[in-house]
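Pasting start_19.csv here (CSV, C-alpha atoms):
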chain,number,residue,atom,x,y,z
Q,1,MET,CA,86.0,199.4,118.3
Q,2,LYS,CA,84.5,196.1,119.6
Q,3,ARG,CA,85.5,195.3,123.1
Q,4,LEU,CA,87.5,192.1,123.4
Q,5,LYS,CA,85.7,189.5,125.5
Q,6,VAL,CA,88.3,187.8,127.8
Q,7,LEU,CA,87.9,184.7,129.9
Q,8,ILE,CA,90.4,184.2,132.8
Q,9,ALA,CA,91.2,180.7,133.9
Q,10,ASP,CA,93.3,180.3,137.1
Q,11,ASP,CA,92.7,178.1,140.1
Q,12,HIS,CA,94.1,180.7,142.5
Q,13,ARG,CA,91.0,182.9,143.2
Q,14,LEU,CA,93.0,185.8,144.6
Q,15,PHE,CA,95.2,186.0,141.5
Q,16,SER,CA,92.3,185.6,139.2
Q,17,ASP,CA,90.4,188.4,140.9
Q,18,GLY,CA,93.5,190.6,140.7
Q,19,LEU,CA,93.7,190.1,136.9
Q,20,CYS,CA,90.0,190.8,136.5
Q,21,SER,CA,90.3,194.0,138.5
Q,22,VAL,CA,93.2,195.3,136.4
Q,23,LEU,CA,91.8,194.3,133.0
Q,24,LYS,CA,88.3,195.5,133.5
Q,25,GLU,CA,89.6,199.1,133.7
Q,26,HIS,CA,90.7,199.0,130.1
Q,27,PRO,CA,88.0,200.4,127.7
Q,28,ASP,CA,88.7,197.8,125.0
Q,29,ILE,CA,88.6,194.8,127.3
Q,30,GLU,CA,85.5,193.0,128.8
Q,31,ILE,CA,85.9,190.2,131.3
Q,32,CYS,CA,83.2,187.8,130.1
Q,33,GLY,CA,83.9,185.1,132.8
Q,34,THR,CA,86.3,183.2,135.0
Q,35,ALA,CA,87.1,179.6,135.5
Q,36,ALA,CA,89.2,177.5,138.0
Q,37,ASN,CA,90.2,174.8,135.5
Q,38,GLY,CA,90.0,173.8,131.9
Q,39,ALA,CA,86.8,171.8,132.3
Q,40,GLN,CA,85.1,174.9,133.5
Q,41,VAL,CA,86.4,176.8,130.5
Q,42,LEU,CA,84.9,174.3,128.1
Q,43,GLU,CA,81.6,174.3,130.0
Q,44,PHE,CA,81.5,178.1,129.9
Q,45,LEU,CA,82.0,178.2,126.2
Q,46,GLN,CA,79.1,175.8,125.6
Q,47,ARG,CA,76.8,178.7,126.7
Q,48,ASN,CA,78.9,181.8,126.1
Q,49,SER,CA,81.4,183.3,123.6
Q,50,CYS,CA,84.7,184.9,124.1
Q,51,ASP,CA,87.6,186.2,122.0
Q,52,ILE,CA,90.5,185.3,124.2
Q,53,GLY,CA,91.2,182.8,126.9
Q,54,VAL,CA,94.0,183.6,129.4
Q,55,LEU,CA,94.9,180.2,130.8
Q,56,ASP,CA,97.1,179.3,133.7
Q,57,ILE,CA,99.3,176.4,132.6
Q,58,ASN,CA,98.9,174.6,136.0
Q,59,MET,CA,95.3,174.0,136.8
Q,60,PRO,CA,93.5,171.0,138.4
Q,61,VAL,CA,91.1,168.7,136.4
Q,62,MET,CA,92.4,170.0,133.1
Q,63,ASN,CA,95.6,172.0,132.8
Q,64,GLY,CA,96.4,174.9,130.4
Q,65,ILE,CA,98.1,172.7,127.8
Q,66,GLU,CA,95.2,170.2,127.4
Q,67,THR,CA,92.7,173.1,127.5
Q,68,ALA,CA,94.5,174.9,124.7
Q,69,LYS,CA,94.4,171.7,122.6
Q,70,GLN,CA,90.7,171.2,123.3
Q,71,LEU,CA,90.0,174.8,122.4
Q,72,ARG,CA,91.9,174.5,119.1
Q,73,GLN,CA,89.6,171.5,118.2
Q,74,LYS,CA,86.3,172.7,119.6
Q,75,HIS,CA,86.5,176.5,119.6
Q,76,PRO,CA,89.2,177.5,117.1
Q,77,GLU,CA,87.8,181.1,117.1
Q,78,VAL,CA,89.1,181.5,120.7
Q,79,LYS,CA,92.7,182.7,120.9
Q,80,VAL,CA,94.8,181.4,123.8
Q,81,ILE,CA,97.3,183.2,125.9
Q,82,ILE,CA,99.1,181.0,128.4
Q,83,LEU,CA,100.0,182.5,131.7
Q,84,THR,CA,102.8,180.7,133.5
Q,85,THR,CA,105.8,180.7,135.8
Q,86,TYR,CA,107.7,178.4,133.5
Q,87,ASN,CA,110.3,179.9,131.2
Q,88,ASP,CA,111.1,176.4,129.9
Q,89,LYS,CA,112.0,175.4,126.3
Q,90,GLU,CA,110.0,172.2,126.5
Q,91,PHE,CA,106.8,173.9,127.6
Q,92,ILE,CA,107.3,176.8,125.1
Q,93,ASN,CA,107.8,174.5,122.2
Q,94,GLU,CA,104.8,172.4,123.1
Q,95,MET,CA,102.7,175.6,123.4
Q,96,LEU,CA,103.9,176.8,120.0
Q,97,SER,CA,103.0,173.4,118.4
Q,98,VAL,CA,99.5,173.6,120.0
Q,99,GLY,CA,99.0,177.0,118.3
Q,100,VAL,CA,98.7,179.4,121.3
Q,101,ALA,CA,98.8,183.0,120.4
Q,102,GLY,CA,100.6,184.2,123.4
Q,103,TYR,CA,102.8,183.0,126.2
Q,104,ILE,CA,103.4,185.4,129.1
Q,105,MET,CA,105.1,185.1,132.5
Q,106,LYS,CA,103.2,185.5,135.7
Q,107,ASN,CA,105.7,188.1,136.9
Q,108,ALA,CA,104.9,190.4,134.0
Q,109,SER,CA,103.4,193.8,134.6
Q,110,SER,CA,99.7,194.5,134.2
Q,111,HIS,CA,100.7,196.8,131.3
Q,112,GLU,CA,102.4,193.8,129.5
Q,113,LEU,CA,99.4,191.6,130.0
Q,114,THR,CA,97.1,194.3,128.6
Q,115,GLU,CA,99.3,194.8,125.6
Q,116,ALA,CA,99.4,191.0,125.0
Q,117,ILE,CA,95.6,190.8,125.0
Q,118,LEU,CA,95.2,193.7,122.7
Q,119,ARG,CA,97.9,192.4,120.3
Q,120,VAL,CA,96.5,188.9,120.2
Q,121,GLY,CA,93.0,190.4,119.8
Q,122,SER,CA,94.3,192.1,116.6
Q,123,GLY,CA,95.3,188.8,115.1
Q,124,LYS,CA,99.0,188.9,116.1
Q,125,THR,CA,101.0,187.0,118.7
Q,126,TRP,CA,102.7,187.9,121.9
Q,127,PHE,CA,105.6,186.2,123.7
Q,128,SER,CA,107.0,187.5,127.0
Q,129,GLY,CA,110.3,189.4,126.9
Q,130,GLU,CA,111.7,186.8,129.3
Q,131,ILE,CA,111.3,184.1,126.7
Q,132,HIS,CA,114.7,184.1,125.0
Q,133,THR,CA,114.7,184.8,121.2
Q,134,SER,CA,116.9,181.7,120.8
Q,135,ILE,CA,114.1,179.4,122.0
Q,136,LEU,CA,111.8,180.7,119.3
Q,137,GLU,CA,114.6,180.5,116.8
Q,138,ASP,CA,115.2,176.9,117.7
Q,139,TYR,CA,111.5,176.1,117.1
Q,140,MET,CA,111.5,177.9,113.7
Q,141,ARG,CA,114.7,176.1,112.7
Q,142,GLY,CA,112.9,172.8,113.4
Q,143,VAL,CA,109.9,173.9,111.3
Q,144,LYS,CA,112.2,174.9,108.5
Q,145,LYS,CA,114.1,171.7,108.6
Q,146,GLU,CA,110.9,169.6,108.6
Q,147,LYS,CA,109.6,171.6,105.6
Q,148,GLN,CA,112.9,171.1,103.7
Q,149,ALA,CA,112.7,167.4,104.4
Q,150,THR,CA,109.2,167.3,103.1
Q,151,GLU,CA,110.1,169.2,100.0
Q,152,GLN,CA,113.1,166.9,99.4
Q,153,GLY,CA,110.8,164.0,99.6
Q,154,ASP,CA,108.4,165.5,97.1
Q,155,ASN,CA,111.3,166.1,94.7
Q,156,VAL,CA,112.9,162.7,94.9
Q,157,HIS,CA,113.5,161.2,91.4
Q,158,LEU,CA,114.1,157.5,91.0
Q,159,THR,CA,115.5,156.1,87.8
Q,160,GLN,CA,113.6,153.5,85.9
Q,161,ARG,CA,115.9,150.8,87.3
Q,162,GLU,CA,115.5,152.1,90.9
Q,163,THR,CA,111.7,152.1,90.5
Q,164,GLU,CA,111.8,148.5,89.3
Q,165,ILE,CA,113.8,147.5,92.3
Q,166,VAL,CA,111.5,149.3,94.7
Q,167,LYS,CA,108.5,147.4,93.2
Q,168,LEU,CA,110.3,144.1,93.6
Q,169,LEU,CA,111.3,144.9,97.2
Q,170,ALA,CA,107.6,145.6,97.8
Q,171,LYS,CA,106.9,142.0,96.7
Q,172,GLU,CA,109.4,140.8,99.3
Q,173,TYR,CA,112.0,139.8,96.8
Q,174,THR,CA,115.5,139.3,98.1
Q,175,ASN,CA,118.6,141.0,96.6
Q,176,GLU,CA,119.5,137.7,95.0
Q,177,LYS,CA,116.1,137.2,93.4
Q,178,ILE,CA,116.0,140.8,92.2
Q,179,ALA,CA,119.4,140.3,90.5
Q,180,SER,CA,118.1,137.2,88.8
Q,181,VAL,CA,114.9,138.8,87.6
Q,182,LEU,CA,116.6,141.9,86.3
Q,183,HIS,CA,119.6,140.0,84.9
Q,184,ILE,CA,122.1,142.2,86.9
Q,185,SER,CA,124.7,141.3,89.5
Q,186,TYR,CA,124.0,141.1,93.2
Q,187,ARG,CA,126.5,143.9,93.8
Q,188,THR,CA,124.6,146.1,91.4
Q,189,VAL,CA,121.4,145.5,93.3
Q,190,GLU,CA,123.1,146.4,96.5
Q,191,THR,CA,124.4,149.7,95.0
Q,192,HIS,CA,121.0,150.6,93.6
Q,193,ARG,CA,119.3,149.8,97.0
Q,194,LYS,CA,121.8,152.0,98.9
Q,195,ASN,CA,121.2,154.9,96.5
Q,196,ILE,CA,117.4,154.5,96.8
Q,197,MET,CA,117.6,154.6,100.6
Q,198,GLN,CA,119.7,157.7,100.5
Q,199,LYS,CA,117.5,159.5,98.0
Q,200,THR,CA,114.3,158.7,99.9
Q,201,LYS,CA,115.8,159.3,103.4
Q,202,ALA,CA,114.2,155.9,104.4
Q,203,GLN,CA,115.7,154.4,107.5
Q,204,ASN,CA,114.6,150.8,106.7
Q,205,LEU,CA,112.6,148.7,104.2
Q,206,ALA,CA,109.3,149.6,105.9
Q,207,GLY,CA,110.1,153.2,105.5
Q,208,LEU,CA,110.9,152.7,101.9
Q,209,ILE,CA,107.7,150.8,101.2
Q,210,ARG,CA,105.7,153.6,102.9
Q,211,PHE,CA,107.4,156.2,100.8
Q,212,ALA,CA,106.6,154.1,97.6
Q,213,TYR,CA,102.9,154.0,98.6
Q,214,GLU,CA,102.7,157.7,99.3
Q,215,LYS,CA,104.3,158.6,96.0
Q,216,GLY,CA,102.2,156.1,94.0
Q,217,ILE,CA,105.1,154.0,93.0
Q,218,ILE,CA,103.3,150.9,94.2
Q,219,SER,CA,99.6,150.5,95.0
Structure translated into structure tokens:
Amino acid sequence: MKRLKVLIADDHRLFSDGLCSVLKEHPDIEICGTAANGAQVLEFLQRNSCDIGVLDINMPVMNGIETAKQLRQKHPEVKVIILTTYNDKEFINEMLSVGVAGYIMKNASSHELTEAILRVGSGKTWFSGEIHTSILEDYMRGVKKEKQATEQGDNVHLTQRETEIVKLLAKEYTNEKIASVLHISYRTVETHRKNIMQKTKAQNLAGLIRFAYEKGIIS
């Protein structure tokens, strides 16, 4: 089995040295380098390669969050494990959105850290046991809700009359002018417009026009 090349980034030298001392004893892990901040991580990767970056969330010059974002863009092959003292929903959600592979507390055991590295190295994820399941469930519910909203948008069906009204609204026609052009009552235009906004989930006219452009209703 190929040894996992791990880069440790923490601005506290004593803590960093301690991690290296523990991890280098494992036969499947190789400490390929250390860094005191995110800028040094990026500089290191210009000349060297690694499989996993274990990043402290609080570092000078460039913190763990920004470093993780940079790695995703410039070195997507490097998997990231965030090492932190924060068991905070806001931080965890941000890390998940960035795409980190692991999030582990600094008070975790050396065994847990080793297991996290091996699991992430095998293509899986690892989140510390102190991170409540409800936090991850909240995030997944948000992802599911966003996906459902997208799918609903894709499946919106406007009637021929509703499509005509959207096109006229895009031309900045008022309800009165639309009623005159289509030979229908002002109240009927209002009803159609209300139904269109509900179907498309648009919050205002600008949102409706954007929807119409995205769906090819107008060009």
Between Q:Ile81, Q:Ser16, Q:Ala9, Q:Val54, single out the one closest to Thr125 (chain Q), counting only C-alpha atoms.
->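 Smallest distance to Thr125 (chain Q) is found for Q:Ile81.
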Give one line per residue of region 44-96 of chain Q that approaches region 18-38 of chain Q to at most 10 Å, naming the two atoms of the closest pair and their distance in Å to one decimal, counting all atoms listed in the file; sort by chain then ascending residue number and deliver it as a tab-separated table.
residue	atom	partner	partner_atom	distance
Q:Phe44	CA	Q:Gly33	CA	7.9
Q:Leu45	CA	Q:Gly33	CA	9.7
Q:Asn48	CA	Q:Cys32	CA	8.4
Q:Ser49	CA	Q:Cys32	CA	8.1
Q:Cys50	CA	Q:Cys32	CA	6.8
Q:Asp51	CA	Q:Cys32	CA	9.4
Q:Ile52	CA	Q:Cys32	CA	9.7
Q:Gly53	CA	Q:Thr34	CA	9.5
Q:Val54	CA	Q:Thr34	CA	9.5
Q:Leu55	CA	Q:Gly38	CA	8.1
Q:Asp56	CA	Q:Asn37	CA	8.4
Q:Ile57	CA	Q:Gly38	CA	9.7
Q:Asn58	CA	Q:Asn37	CA	8.7
Q:Met59	CA	Q:Asn37	CA	5.3
Q:Pro60	CA	Q:Asn37	CA	5.8
Q:Val61	CA	Q:Asn37	CA	6.2
Q:Met62	CA	Q:Gly38	CA	4.7
Q:Asn63	CA	Q:Gly38	CA	6.0
Q:Gly64	CA	Q:Gly38	CA	6.7
Q:Ile65	CA	Q:Gly38	CA	9.1
Q:Glu66	CA	Q:Gly38	CA	7.8
Q:Thr67	CA	Q:Gly38	CA	5.2
Q:Ala68	CA	Q:Gly38	CA	8.6
Q:Gln70	CA	Q:Gly38	CA	9.0
Q:Leu71	CA	Q:Gly38	CA	9.6
Hey, which of Q:Thr200, Q:Phe15, Q:Gly216, Q:Leu4 ends up closest to Arg119 (chain Q)? Count only C-alpha atoms.
->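 Distance minimum relative to Arg119 (chain Q) lands on Q:Leu4.
In terms of minimum interatomic distance to Glu190 (chain Q), Q:Ile165 ranks closest within Q:Ile165, Q:Ala206, Q:Met95, Q:Ala170, counting all atoms listed in the file.
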Separation of CA of Ala39 (chain Q) from CA of Gly99 (chain Q), in Å and rounded to one decimal = 19.3 Å
